[in-house]
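This is protein-v8.cif. It holds mmCIF, C-alpha atoms.
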data_model
#
loop_
_atom_site.label_atom_id
_atom_site.label_comp_id
_atom_site.auth_asym_id
_atom_site.auth_seq_id
_atom_site.Cartn_x
_atom_site.Cartn_y
_atom_site.Cartn_z
CA MET Y 108 59.70 36.36 117.86
CA VAL Y 109 63.38 35.43 118.05
CA ARG Y 110 64.16 31.91 116.90
CA HIS Y 111 66.98 30.18 118.72
CA ILE Y 112 69.37 29.59 115.85
CA GLU Y 113 71.72 27.48 117.95
CA ASN Y 114 69.06 24.74 117.72
CA GLU Y 115 69.20 24.92 113.92
CA VAL Y 116 72.89 25.52 113.22
CA LYS Y 117 75.57 24.61 115.70
CA TYR Y 118 78.06 27.29 114.80
CA TYR Y 119 81.63 26.32 115.58
CA TYR Y 120 82.50 29.72 117.08
CA ASP Y 121 79.58 29.66 119.48
CA SER Y 122 81.53 27.09 121.48
CA HIS Y 123 85.11 27.93 120.44
CA PRO Y 124 86.96 31.22 120.99
CA THR Y 125 87.62 33.63 118.16
CA GLU Y 126 90.88 35.57 117.88
CA GLU Y 127 89.14 38.53 119.52
CA ASP Y 128 88.02 36.38 122.46
CA LEU Y 129 91.62 35.39 123.15
CA MET Y 130 92.88 38.99 123.12
CA GLY Y 131 90.98 40.15 126.20
CA GLU Y 132 90.23 43.83 126.72
CA THR Y 133 91.68 46.78 128.58
CA ALA Y 134 89.94 48.46 131.50
CA VAL Y 135 89.23 51.60 129.46
CA HIS Y 136 87.68 49.48 126.69
CA ALA Y 137 85.49 47.55 129.11
CA ALA Y 138 84.38 50.71 130.94
CA LEU Y 139 83.21 52.42 127.77
CA VAL Y 140 81.35 49.36 126.47
CA HIS Y 141 79.57 49.00 129.82
CA TYR Y 142 78.74 52.71 129.90
CA LEU Y 143 77.25 52.69 126.38
CA VAL Y 144 75.13 49.63 127.16
CA GLU Y 145 73.79 51.33 130.30
CA VAL Y 146 73.02 54.60 128.49
CA LEU Y 147 71.31 52.88 125.58
CA THR Y 148 69.34 50.55 127.84
CA TRP Y 149 67.94 53.51 129.79
CA MET Y 150 67.36 55.54 126.63
CA PHE Y 151 65.16 52.78 125.16
CA LYS Y 152 63.42 52.06 128.48
CA GLY Y 153 59.78 51.24 127.81
CA GLN Y 154 60.45 50.49 124.13
CA VAL Y 155 61.01 47.18 122.41
CA CYS Y 156 64.75 47.17 121.85
CA ALA Y 157 67.56 44.70 122.47
CA ILE Y 158 71.04 45.92 123.37
CA TYR Y 159 73.68 43.22 123.02
CA GLU Y 160 77.33 43.17 123.98
CA ASN Y 161 79.80 40.98 122.05
CA LEU Y 162 77.07 38.79 120.54
CA ASN Y 163 78.24 36.56 117.67
CA MET Y 164 76.45 37.55 114.46
CA TYR Y 165 76.23 35.35 111.39
CA GLN Y 166 74.85 35.73 107.88
CA THR Y 167 74.88 32.18 106.51
CA SER Y 168 74.17 28.64 107.64
CA GLY Y 169 77.84 27.69 107.33
CA VAL Y 170 78.91 25.95 110.51
CA TYR Y 171 82.41 27.44 110.34
CA GLU Y 172 81.40 30.97 109.38
CA TYR Y 173 83.59 33.42 111.26
CA PRO Y 174 81.25 35.75 113.18
CA LEU Y 175 81.24 39.48 113.65
CA ALA Y 176 80.87 40.19 117.36
CA PRO Y 177 80.41 43.97 117.79
CA ASP Y 178 81.16 45.50 121.15
CA VAL Y 179 77.61 46.93 121.23
CA ALA Y 180 74.69 46.15 118.90
CA VAL Y 181 71.31 47.92 118.94
CA LEU Y 182 68.31 46.00 117.59
CA LYS Y 183 65.28 48.27 117.64
CA GLY Y 184 61.92 46.53 117.53
CA ILE Y 185 63.39 43.31 118.94
CA ALA Y 186 62.76 42.15 122.50
CA TYR Y 187 65.83 41.11 124.47
CA HIS Y 188 66.37 37.35 124.74
CA PHE Y 189 69.20 35.34 126.27
CA ILE Y 190 70.69 33.87 123.11
CA ARG Y 191 74.12 32.57 122.13
CA SER Y 192 74.22 34.15 118.68
CA TRP Y 193 72.22 35.94 116.01
CA ARG Y 194 71.76 35.02 112.37
CA VAL Y 195 70.75 38.01 110.28
CA GLY Y 196 67.66 37.22 108.23
CA LYS Y 197 66.87 34.13 110.29
CA SER Y 198 66.79 35.32 113.91
CA GLY Y 199 65.68 38.77 112.77
CA PRO Y 200 67.02 41.88 111.03
CA ALA Y 201 70.51 43.31 111.14
CA PRO Y 202 71.24 45.69 114.02
CA GLN Y 203 70.39 49.27 113.17
CA VAL Y 204 73.42 50.55 115.08
CA ILE Y 205 76.83 49.05 115.85
CA PHE Y 206 79.59 50.34 118.12
CA GLU Y 207 83.18 49.12 118.08
CA ILE Y 208 85.64 50.33 120.71
CA ALA Y 209 89.33 50.53 119.82
CA SER Y 210 91.85 47.97 120.91
CA GLU Y 211 95.39 47.99 119.60
CA GLU Y 212 94.98 44.58 117.96
CA THR Y 213 91.68 45.19 116.13
CA TRP Y 214 91.49 48.95 115.47
CA ALA Y 215 92.88 48.83 111.93
CA LYS Y 216 90.19 46.31 110.96
CA ASP Y 217 87.52 48.29 112.82
CA ILE Y 218 88.04 51.40 110.69
CA ASN Y 219 89.27 49.89 107.41
CA GLU Y 220 87.41 46.60 106.96
CA LYS Y 221 84.36 46.46 109.18
CA PRO Y 222 82.46 49.35 107.53
CA PHE Y 223 82.16 47.17 104.43
CA LYS Y 224 81.33 44.03 106.41
CA TYR Y 225 78.60 45.78 108.36
CA ALA Y 226 77.24 47.29 105.14
CA ARG Y 227 76.84 43.78 103.70
CA MET Y 228 75.11 42.73 106.90
CA GLY Y 229 72.59 45.57 106.52
CA VAL Y 230 73.62 47.74 109.48
CA GLN Y 231 72.32 51.31 109.17
CA GLU Y 232 74.92 53.16 111.26
CA TYR Y 233 78.36 52.09 112.42
CA PHE Y 234 80.39 54.00 115.01
CA ALA Y 235 83.98 53.27 115.98
CA TYR Y 236 85.56 55.03 118.95
CA ASP Y 237 89.08 55.24 120.31
CA PRO Y 238 89.07 55.97 124.09
CA ASN Y 239 92.79 55.42 124.52
CA GLU Y 240 95.14 58.13 125.76
CA PRO Y 241 96.88 59.02 123.59
CA PRO Y 242 94.71 57.83 120.68
CA LEU Y 243 96.15 54.89 118.73
CA PRO Y 244 98.38 55.76 115.74
CA GLN Y 245 95.74 54.59 113.25
CA SER Y 246 93.31 57.14 114.69
CA ARG Y 247 95.43 60.07 113.48
CA MET Y 248 94.49 61.95 116.69
CA ARG Y 249 90.79 61.51 115.91
CA ARG Y 250 88.60 59.51 118.26
CA LEU Y 251 85.20 59.09 116.60
CA PHE Y 252 84.67 57.47 113.20
CA ALA Y 253 81.24 56.84 111.73
CA TRP Y 254 79.48 55.48 108.67
CA ARG Y 255 75.86 55.54 107.49
CA ARG Y 256 74.41 53.07 105.01
CA ASP Y 257 73.36 54.47 101.66
CA LEU Y 258 69.79 53.28 101.11
CA GLU Y 259 70.18 53.33 97.33
CA ASN Y 260 73.24 51.15 96.85
CA GLY Y 261 73.76 49.64 100.31
CA SER Y 262 77.29 50.97 100.73
CA MET Y 263 78.61 52.65 103.87
CA LEU Y 264 79.30 56.37 103.52
CA GLU Y 265 81.69 57.88 106.02
CA MET Y 266 80.24 60.66 108.14
CA LYS Y 267 82.52 63.63 108.69
CA PRO Y 268 82.48 65.20 112.17
CA GLY Y 269 82.42 68.94 112.77
CA ALA Y 270 85.15 70.90 114.50
CA SER Y 271 84.05 69.55 117.89
CA GLY Y 272 84.27 65.98 116.66
CA ALA Y 273 80.55 65.41 117.31
CA LEU Y 274 78.28 63.44 114.96
CA TRP Y 275 74.51 63.07 114.72
CA SER Y 276 72.98 59.59 114.83
CA GLU Y 277 69.64 59.39 113.02
CA GLN Y 278 68.91 55.96 114.44
CA LEU Y 279 69.58 57.02 118.04
CA GLU Y 280 68.32 60.58 117.61
CA SER Y 281 71.37 61.70 119.52
CA TRP Y 282 74.56 63.67 119.18
CA LEU Y 283 77.63 61.50 119.77
CA VAL Y 284 80.30 63.62 121.41
CA PRO Y 285 83.90 62.50 122.09
CA GLU Y 286 84.95 63.20 125.66
CA GLY Y 287 88.28 61.49 126.16
CA ALA Y 288 87.79 57.98 127.50
CA PHE Y 289 84.01 58.29 127.10
CA LEU Y 290 81.69 58.74 124.16
CA ARG Y 291 78.70 60.74 125.40
CA LEU Y 292 75.23 60.91 123.91
CA TYR Y 293 73.15 64.10 123.92
CA ASP Y 294 69.57 64.67 122.76
CA LYS Y 295 68.47 67.36 120.29
CA SER Y 296 68.15 69.97 123.04
CA GLY Y 297 71.69 69.34 124.25
CA GLN Y 298 70.76 67.35 127.36
CA ILE Y 299 73.13 64.51 128.12
CA ARG Y 300 71.61 61.05 127.97
CA LEU Y 301 71.98 59.34 131.34
CA THR Y 302 72.36 55.81 132.58
CA GLY Y 303 69.59 54.44 134.78
CA VAL Y 304 71.71 54.98 137.90
CA GLU Y 305 72.47 58.56 136.89
CA ALA Y 306 68.81 59.28 136.14
CA GLU Y 307 67.72 57.92 139.52
CA ALA Y 308 70.39 59.96 141.30
CA LYS Y 309 69.27 63.09 139.45
CA ARG Y 310 65.63 62.44 140.39
CA ALA Y 311 66.52 61.86 144.04
CA ASN Y 312 68.62 65.02 144.13
CA ALA Y 313 65.77 67.07 142.62
CA GLU Y 314 63.32 65.72 145.22
CA MET Y 315 65.74 66.54 148.03
CA LYS Y 316 66.11 70.11 146.75
CA ARG Y 317 62.33 70.51 146.53
CA ALA Y 318 61.91 69.22 150.06
CA GLN Y 319 64.62 71.57 151.33
CA ALA Y 320 63.02 74.54 149.54
CA LEU Y 321 59.66 73.72 151.09
CA ALA Y 322 61.22 73.39 154.55
CA ASP Y 323 62.96 76.75 154.13
CA LYS Y 324 59.68 78.37 153.07
CA LEU Y 325 57.85 77.00 156.10
CA ARG Y 326 60.58 78.26 158.42
CA SER Y 327 60.29 81.73 156.85
CA LEU Y 328 56.62 81.64 157.80
CA GLY Y 329 57.44 80.70 161.38
CA VAL Y 330 56.57 77.03 161.00
CA ASP Y 331 58.98 74.31 162.10
CA PRO Y 332 58.69 71.61 159.41
CA ASP Y 333 60.03 68.99 161.82
CA GLN Y 334 56.96 69.49 164.02
CA LEU Y 335 54.64 68.64 161.10
CA LEU Y 336 55.65 65.00 161.12
#

Encoded form (C-alpha cells):
Amino acid sequence: MVRHIENEVKYYYDSHPTEEDLMGETAVHAALVHYLVEVLTWMFKGQVCAIYENLNMYQTSGVYEYPLAPDVAVLKGIAYHFIRSWRVGKSGPAPQVIFEIASEETWAKDINEKPFKYARMGVQEYFAYDPNEPPLPQSRMRRLFAWRRDLENGSMLEMKPGASGALWSEQLESWLVPEGAFLRLYDKSGQIRLTGVEAEAKRANAEMKRAQALADKLRSLGVDPDQLL
C-alpha cells in the first residue's frame, strides 16, 4: 500500500517550482507525453500498474532534495493513487520504466546525466525521445535513446537501435519505434499498441463491418434486413 510521504517529509519542491516547472513545455512535447500515458494506461488495463506524469521522485528524507520528475513513469505492481510525490524505498520501489521527452533546455541532461541518476534510483529501463523537427543538435539526427540497468553492477548500459531506430523494451514487452513526433509501441507480433479511444474506435468499426456484411448476405438471399427490426 502506498504511504503518503508528504505527511512524513514536507519536501520543499512539492510546494515550490523546480527549474523544469518554470520552463513550460512545447505543444509537441505535451502531445507525446499525453499519448504515451494513454497508450500505457490502456496496455496495462486490468493489471495493477500506476502511470505517472511529472511526479516528483525522491530518494532521501532531505527536505531540500532536488527531485527527478520524469515525463512518464511506469510503476508495475503499484495501484494508482493521487499523491504529490514518491520516495523510492519508502513509498514503494523505483519505477521500472522512465520516459523523458526532449526539450531544448533539458535534453543535454536527459541523455548525458539522467541515465546515471536513474540507475542510482533503481530504474530498470530509461527511454529518451526527441520528437522535434528537426531533431535537436544534441540528438545527432537520432530520436530514440535508451538504457537498461545491468543487474550485476547496477549501471545503465546504453541500448543500440537497429537500422530502423527501433528498440525492444523487456519491461513493456514492446517494440519502441520512432515515427517523427510520436514514439509508437508495437507488440511482439507487430501490432501497434492503441490508446483506449483508438481501441474503442477499432472495436466499433469492426462491429459496423460485421453488421454490414450480415445485411449484405441477407439481401443476397432476398431478405430485407430493415424489415427484421

Which residues fall under the PyMOL selection byres ((chain Y and resi 208-223) around 8) in this file, as a compact mmCIF listing (two decimals) with C-alpha atoms, in the coordinates of the input?
# COMPACT_ATOMS: atom_id res chain seq x y z
CA GLU Y 127 89.14 38.53 119.52
CA MET Y 130 92.88 38.99 123.12
CA GLU Y 132 90.23 43.83 126.72
CA THR Y 133 91.68 46.78 128.58
CA HIS Y 136 87.68 49.48 126.69
CA LEU Y 139 83.21 52.42 127.77
CA VAL Y 140 81.35 49.36 126.47
CA ASP Y 178 81.16 45.50 121.15
CA PHE Y 206 79.59 50.34 118.12
CA GLU Y 207 83.18 49.12 118.08
CA LYS Y 224 81.33 44.03 106.41
CA TYR Y 225 78.60 45.78 108.36
CA ALA Y 226 77.24 47.29 105.14
CA ARG Y 227 76.84 43.78 103.70
CA TYR Y 233 78.36 52.09 112.42
CA ALA Y 235 83.98 53.27 115.98
CA TYR Y 236 85.56 55.03 118.95
CA ASP Y 237 89.08 55.24 120.31
CA PRO Y 238 89.07 55.97 124.09
CA ASN Y 239 92.79 55.42 124.52
CA LEU Y 243 96.15 54.89 118.73
CA GLN Y 245 95.74 54.59 113.25
CA PHE Y 252 84.67 57.47 113.20
CA TRP Y 254 79.48 55.48 108.67
CA SER Y 262 77.29 50.97 100.73
CA MET Y 263 78.61 52.65 103.87

_Restricting the calculation to only C-alpha atoms: of Y:Ala186, Y:Met266, Y:Leu175, Y:Ala134, which residue gets closest to Gln154 in chain Y?_
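Among the listed residues, the smallest separation from Gln154 in chain Y belongs to Y:Ala186.
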
_Between CA of Glu232 in chain Y and CA of Arg194 in chain Y, what is the distance in Å, rounded to a tenth?_
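Separation of CA of Glu232 in chain Y and CA of Arg194 in chain Y: 18.4 Å.
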
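Neighbours of range 278-286 of chain Y closer than or equal to 8 Å, with all atoms listed in the file counted and sequence neighbours fewer than 2 positions away skipped, come out as Gln203, Val204, Gln231, Glu232, Arg250, Leu251, Ser271, Gly272, Ala273, Leu274, Trp275, Ser276, Ala288, Phe289, Leu290, Arg291, Leu292, Tyr293, Asp294 and Lys295 of chain Y.
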
*In Å, rounded to a single decimal, give me how far CA of Ala180 in chain Y is from CA of Thr125 in chain Y.*
18.0 Å

Kindly assemble as JSON lines a list of the range 175-227 of chain Y residues that lie within 10 Å of range 145-153 of chain Y, each paired with its nearest atom pair and their distance in Å to one decimal, using all atoms listed in the file, sorted first by chain and then by ascending residue number.
{"residue": "Y:Val179", "atom": "CA", "partner": "Y:Leu147", "partner_atom": "CA", "distance": 9.7}
{"residue": "Y:Val181", "atom": "CA", "partner": "Y:Leu147", "partner_atom": "CA", "distance": 8.3}
{"residue": "Y:Lys183", "atom": "CA", "partner": "Y:Phe151", "partner_atom": "CA", "distance": 8.8}

Just need the box for range 187-193 of chain Y, edges along x, y and z, holding every atom the file lists for it with 6 Å tacked onto each side, so centre and edge lengths in Å to one decimal, as JSON.
{"center_x": 70.0, "center_y": 36.8, "center_z": 121.1, "size_x": 20.4, "size_y": 20.5, "size_z": 22.3}

*For CA of Val155 in chain Y and CA of Tyr187 in chain Y, quote the distance in Å rounded to one decimal.*
8.0 Å

_From Y:Glu259, Y:Arg300, Y:Glu115, Y:Glu240, residue lying nearest Lys197 in chain Y [all atoms listed in the file]_ = Y:Glu115
